[in-house]
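Asker: Just passing along the structure, written as structure tokens.
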Amino acid sequence: MGFKKDFAWGVATSSQQIEGAYLEGGKGLNIWDVFSHEPTRIKDRKTSDVACDHYHLFREDVKLLRSLGVNSYRFSISWSRIFPNGVGEVSEDGVRFYSELIDELISNGIEPYITLFHWDYPYALYKKGGWLNDESVDWFKSYAAKVVELYSDRVTYFITFNEPQCFIGHGYLRGIHAPGIKLPYKDIFQMAHNVMKAHGAAVIAMREAAKRPIKIGYAPTCSAHYPATDSPEDIEAARRALFDSPKLSEQVMWSASWWSDPVILGKYPEDGLELYKDYLPEITEEDLRLMNQPLDFYAQNIYNGKEIKSGENGEPVAVKRPSDAPVTALGWSVTPRCLYWGPRFFTERYRLPFYISENGAATNDVLGADGKVHDEDRIKFLSTYLDEFERAADDGVDIRGYFLWSFMDNFEWAEGYGPRFGIVYTDYETMRRIPKDSAYWYKNYIEQKSKK
Ligand code: NOJ
């Protein structure tokens, strides 16, 4: 069976990680601009001011995309490039930038997938309380509707939020991402509630603003746990490890069900409601109805998971990994089977067409004397993960696309420019882009899989 015929084969990026030009075209500051200028926040005191300079190089970048053989490209819009103050006045230069990027993609035969929010929250709105302010629901709704009004004549696919787990959990609870503060649980759950209301309100407004029928999805993340064996007990234990609510801790936002059950099923997970009851905002039926808007697809960023077996009374137990088990350059476990079980568990629970909106690896890439980057580790990673993903397709899981993270090496948030996730090497001195061996490998892979 394999991958469907009109499968979306793509690569992904986000605005803050590649664009640069942080003060050009009337763009307003966002929380990452401000955060990265603080002396101790980003490794080696780097900033995202220039990043990959994609703002100036986008035409060449789209040509490069085309040469990679992808038929789709997932990128995000910088909210404060369109609305410098988050709401109100629109920057025509910002509008033009994305319009030209979209035209360039389409004329090169590449389908744009727009993420509306990939963490770069307008600083002006942050100062007004950001996601803690109930008005944040309307702010996001207006921004989302504007983007759809502007581009839905040419763009079909939109994603509301990327990894809410991270931008709330890392940004406001652990304080390691922008804006870098540590708020009490009560505030964290309030923010999460507002983000999901903002999602729902945006979906309604986007459909109203659309010039043609559009397709809307959502792209959270998780650790996609998988069973140690195919026994029903282990499978059930892995499913529980994936969807059970985590205990209250700094990692509490790292939950699959807390962020997706309300959006897709219209209810919060019962176990979480019990665990977090002292910290939750008022949750009304109306709120839940708002969050729970019909979606066209469900996307998930998946990088790894834990191997789980069934313990006493069916409790999930993580299988100990051998000390020499493979890890990426960031020390993340390499666990290809998460790309079989993740899609399967998510489609069983949410029953929507499924995409991998991000998957990939940071590897220790060096530009060799031969002018090439021999990133065998990445090729191995991708081929083993994609084999598992294809197995899910073979078993009838309704998967529609795969977006490799990332198109090119870029600003890896608090980690700066050290980790290289791209299939294209970025020389940050010259801004030259050099396709790595994995880029040729991926091109060939797409060709083979698209043949049938
Ligand atoms: C998750 C995020 O969406 C993306 O911005 C980040 O660079 C990658 N994963 C790798 O950490």
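Chain identifiers are assigned as A, B, and so on, following the order in which chains appear in the structure tokens; residues are numbered from 1 within each chain, and ligands are numbered from 1 in order of appearance.
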What's around Val263 of chain A at 7 Å? Count only C-alpha atoms, leave out sequence neighbours fewer than 6 positions away in its own chain, and write the answer as a ChimeraX atom specification.
Answerer: /A:196,291-293
Asker: How would you write, as a ChimeraX atom specification, the set of residues in segment 37-218 of chain A that DSSP gives as strand (DSSP E)?
Answerer: /A:72-76,111-117,157-162,215-218
Asker: Residues within 10 Å of ligand 1, counting only C-alpha atoms and all ligand atoms: report them as number ranges by chain.
Answerer: A: 12-17, 118-119, 161-164, 166-167, 219-221, 300-303, 330, 332, 357-362, 405-406, 409-415, 419-422
Asker: List the neighbours of Tyr402 of chain A out to 12 Å using only C-alpha atoms; skip same-chain residues closer than 3 positions along the sequence, and give me the result as an MDAnalysis selection string.
Answerer: chainID A and resid 3:4 6:12 70:74 113 299:302 339 343 354:360 382 385:386 389:390 393 399 405:406 442 446
Asker: Nearest to Pro184 of chain A: which of A:Leu367, A:Ile283, A:Ser249, A:Ser231 is it, counting only C-alpha atoms?
Answerer: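 So, comparing all the options, the nearest one is A:Ser249.
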Asker: Which of these, A:Leu29, A:Leu275, A:Leu150, A:Ile308, has the shortest distance to Arg240 of chain A once you count only C-alpha atoms?
Answerer: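 Of the candidates, the smallest distance to Arg240 of chain A is held by A:Ile308.
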Asker: Let me make sure I understand: among A:Met206, A:Ile82, A:Ala198, A:Val95, which one has the smallest atom-to-atom distance to Glu135 of chain A if we use only C-alpha atoms?
Answerer: A:Ala198
Asker: Mind the document's chain letters and residue numbers, and return as a ChimeraX atom specification the residues of segment 298-450 of chain A that DSSP labels helix (DSSP H, G or I).
Answerer: /A:312-314,338-350,376-394,413-415,437-450
Asker: Write out as a list in words which residues come within 12 Å of Glu89 of chain A when counting only C-alpha atoms, dropping same-chain ones fewer than 2 positions away.
Answerer: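 Result of the neighbour search: Gly26, Lys27, Gly28, Ser80, Arg81, Ile82, Phe83, Pro84, Asn85, Gly86, Val87, Ser91, Glu92, Gly94, Val95, Ser142, Tyr143 and Lys146 of chain A.
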Asker: Could you turn the residues from that selection into a file that holds N, CA and C atoms, as an mmCIF file, in the first residue's frame?
Answerer:
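File produced: part28.cif:
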```
data_model
loop_
_atom_site.group_PDB
_atom_site.id
_atom_site.type_symbol
_atom_site.label_atom_id
_atom_site.label_comp_id
_atom_site.auth_asym_id
_atom_site.auth_seq_id
_atom_site.Cartn_x
_atom_site.Cartn_y
_atom_site.Cartn_z
ATOM 1 N N GLY A 26 9.111 47.394 8.842
ATOM 2 C CA GLY A 26 8.121 47.843 9.825
ATOM 3 C C GLY A 26 7.798 46.805 10.888
ATOM 4 N N LYS A 27 8.560 45.713 10.917
ATOM 5 C CA LYS A 27 8.249 44.644 11.876
ATOM 6 C C LYS A 27 8.343 45.144 13.320
ATOM 7 N N GLY A 28 7.395 44.722 14.141
ATOM 8 C CA GLY A 28 7.460 45.021 15.569
ATOM 9 C C GLY A 28 8.283 43.950 16.273
ATOM 10 N N SER A 80 4.287 39.714 14.393
ATOM 11 C CA SER A 80 4.593 41.152 14.497
ATOM 12 C C SER A 80 5.201 41.723 13.217
ATOM 13 N N ARG A 81 5.380 40.865 12.195
ATOM 14 C CA ARG A 81 5.740 41.401 10.878
ATOM 15 C C ARG A 81 4.469 41.894 10.171
ATOM 16 N N ILE A 82 3.349 41.254 10.476
ATOM 17 C CA ILE A 82 2.070 41.669 9.878
ATOM 18 C C ILE A 82 1.427 42.760 10.743
ATOM 19 N N PHE A 83 1.362 42.502 12.034
ATOM 20 C CA PHE A 83 0.823 43.495 12.981
ATOM 21 C C PHE A 83 1.969 43.884 13.929
ATOM 22 N N PRO A 84 2.670 44.982 13.644
ATOM 23 C CA PRO A 84 3.821 45.356 14.487
ATOM 24 C C PRO A 84 3.469 45.442 15.973
ATOM 25 N N ASN A 85 2.245 45.826 16.272
ATOM 26 C CA ASN A 85 1.837 45.907 17.682
ATOM 27 C C ASN A 85 0.956 44.739 18.099
ATOM 28 N N GLY A 86 0.905 43.738 17.261
ATOM 29 C CA GLY A 86 0.087 42.563 17.592
ATOM 30 C C GLY A 86 -1.357 42.701 17.153
ATOM 31 N N VAL A 87 -1.886 43.919 17.264
ATOM 32 C CA VAL A 87 -3.250 44.222 16.798
ATOM 33 C C VAL A 87 -3.205 45.597 16.135
ATOM 34 N N SER A 91 1.360 46.130 8.751
ATOM 35 C CA SER A 91 2.537 46.564 8.003
ATOM 36 C C SER A 91 2.450 46.034 6.576
ATOM 37 N N GLU A 92 2.373 46.958 5.626
ATOM 38 C CA GLU A 92 2.241 46.553 4.218
ATOM 39 C C GLU A 92 3.475 45.792 3.740
ATOM 40 N N GLY A 94 5.338 43.829 5.526
ATOM 41 C CA GLY A 94 5.230 42.469 6.052
ATOM 42 C C GLY A 94 4.272 41.645 5.211
ATOM 43 N N VAL A 95 3.146 42.246 4.882
ATOM 44 C CA VAL A 95 2.135 41.563 4.060
ATOM 45 C C VAL A 95 2.754 41.181 2.713
ATOM 46 N N SER A 142 -8.063 37.750 15.542
ATOM 47 C CA SER A 142 -8.000 38.806 14.516
ATOM 48 C C SER A 142 -6.787 38.610 13.615
ATOM 49 N N TYR A 143 -5.677 38.240 14.226
ATOM 50 C CA TYR A 143 -4.463 38.004 13.436
ATOM 51 C C TYR A 143 -4.687 36.840 12.466
ATOM 52 N N LYS A 146 -6.940 37.724 9.623
ATOM 53 C CA LYS A 146 -6.284 38.621 8.665
ATOM 54 C C LYS A 146 -5.377 37.827 7.720
#
```
Asker: Tell me which of A:Trp258, A:Tyr185, A:Tyr151, A:Trp139 sits closest to Ala124 of chain A, counting only C-alpha atoms.
Answerer: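 Of A:Trp258, A:Tyr185, A:Tyr151, A:Trp139, the one nearest Ala124 of chain A is A:Trp139, counting only C-alpha atoms.
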Asker: Quick one: residues within 10 Å of segment 52-55 of chain A, only C-alpha atoms counted, chain neighbours fewer than 5 positions away excluded, as number ranges by chain?
Answerer: A: 15-22, 24-25, 60-62, 97-98, 101, 408-411, 426-433
